[in-house]
Amino acid sequence: MPIGDNIFLPGNGVNTKEHIYAVYRNAVQFFAFLCKEYSFNPLDSSVIMSHQEGHKKGIASNHGDVGHLWDKFGLTMDQFRQDVKGAMEGAAVSLAPVPSVDALCDDTSSQKVNALNGTVKVIYKGFDGLNIRKAPSMLAEIDQVVKSGTFTVVGISKDEKWYKLKSGLFITSIPDYVEFKAAPEQKAGTAGTGYYRVRKSWQDAASQIGAFKDKDNAINLCRHNPGYKVFGNFGNQIY
C-alpha cells in the first residue's frame, strides 16, 4: 500500500491505520492537556499547527508533515484542532471521517461471522474509549463509544479480529482492549474441531479464555495473559 511519494508498506494497511490512529489519539490528549494547562485556544491555527502550516506562515522550513501522511487516512489539522477542543471538554476522539485510500481492500464489513459463545469485558483505559461498530470492519460506522462494560458475545468474524455482540454490533478482539471469557458450551464445542485453545493447562478446561482457528491469534491472547498456554487439537502445547 503506497502512503507517500517514497513510502510503501506491505499488506492491506490495517496495521498502518491502527498505528496512525493510535498516535493521533495520543497527540489529541497531549495537546488537550497543554491547552488546558496554559489556557491556549486549540482552534487557533497559530497555537496548534503542522510543520506544513508553519511553512505557509513563514515560520518553519518547507516540509509536508503531517499532511503528507494524514491525507492518506482522512485526517486533517482542522479536525485535529476540533478534537483537541472536544477532548478538553471531555468528548471522545473522532477518527477518519473520510475513508482511507485503501478503503476497498481494508473493508471487511461483509466477512463471515462464526458462532462463538461467551462474554467480553472492556479493559481499555484510554481517554477516548472503545468504538463499537455496526459491522466487523475498521471502516464500519461507529454505533457507540464505551469506556467500560461486559457484553455477551455470540460470534467472531472470520479474520478473528471482531467479536459479534448479542446486540448485533461488533467490538474489537484485541487483547490490549478487551478480555474474552468463553461460555461452558463454547469450551465443549471447540473440542476436537481444529481450534487452538488458550488455557492454563490442557486438563483445566474451565480455565479456557479463548479458542481460535488462527494460531497467531491464540498466541497473541496468550501473551497478554501470564500463566496461560496455547494447546493444539489433541492437547499438545503450541506456545
# chains A, B, ... in the order shown; residues from 1 in each chain; ligands from 1
>>> select_by_dssp(residues="region 37-220 of chain A", states="alpha helix (DSSP H)", output="PyMOL selection string")
chain A and resi 37-38+51-56+67-70+77-88+103-106+184-189+215-220
>>> write_last_selection(atoms="C-alpha atoms", output="tab-separated table (two decimals), in the first residue's frame")
chain	number	residue	atom	x	y	z
A	37	GLU	CA	-2.60	23.88	31.37
A	38	TYR	CA	-1.68	27.15	29.64
A	51	HIS	CA	5.03	21.80	10.05
A	52	GLN	CA	3.39	22.33	6.67
A	53	GLU	CA	1.14	25.10	8.05
A	54	GLY	CA	4.13	26.65	9.79
A	55	HIS	CA	5.94	26.90	6.45
A	56	LYS	CA	2.96	28.67	4.90
A	67	GLY	CA	-0.40	16.29	5.89
A	68	HIS	CA	1.64	14.07	3.58
A	69	LEU	CA	0.66	11.11	5.77
A	70	TRP	CA	-2.63	12.15	7.38
A	77	MET	CA	-5.34	19.60	11.02
A	78	ASP	CA	-8.75	21.30	11.24
A	79	GLN	CA	-10.22	18.05	12.55
A	80	PHE	CA	-7.28	17.68	14.94
A	81	ARG	CA	-7.85	21.12	16.43
A	82	GLN	CA	-11.56	20.38	16.82
A	83	ASP	CA	-10.76	17.07	18.51
A	84	VAL	CA	-8.36	18.79	20.91
A	85	LYS	CA	-11.12	21.23	21.86
A	86	GLY	CA	-13.52	18.31	22.30
A	87	ALA	CA	-11.04	16.39	24.43
A	88	MET	CA	-10.65	19.44	26.68
A	103	ALA	CA	-10.68	1.51	1.83
A	104	LEU	CA	-11.67	-1.18	-0.65
A	105	CYS	CA	-9.03	-3.68	0.46
A	106	ASP	CA	-9.48	-2.84	4.16
A	184	PRO	CA	-19.05	-23.51	29.08
A	185	GLU	CA	-20.78	-24.66	25.89
A	186	GLN	CA	-18.12	-22.89	23.80
A	187	LYS	CA	-15.34	-24.73	25.60
A	188	ALA	CA	-17.06	-28.03	24.89
A	189	GLY	CA	-18.00	-27.06	21.36
A	215	LYS	CA	-2.78	-19.90	15.76
A	216	ASP	CA	-1.29	-16.39	15.81
A	217	ASN	CA	-4.48	-15.01	17.36
A	218	ALA	CA	-4.34	-17.63	20.11
A	219	ILE	CA	-0.68	-16.85	20.78
A	220	ASN	CA	-1.42	-13.12	20.89
>>> select_by_dssp(residues="region 37-227 of chain A", states="strand (DSSP E or B)", output="ChimeraX atom specification")
/A:113-122,130-133,142-146,150-157,162-165,170-172,178-182,196-199,210-212
>>> atom_distance(atom1="CA of Ala22 (chain A)", atom2="CA of Ala211 (chain A)")
27.2 Å
>>> residues_around(residues="region 128-144 of chain A", least_positions_apart="3", cutoff="9 Å", atoms="only C-alpha atoms", output="count of residues only")
38
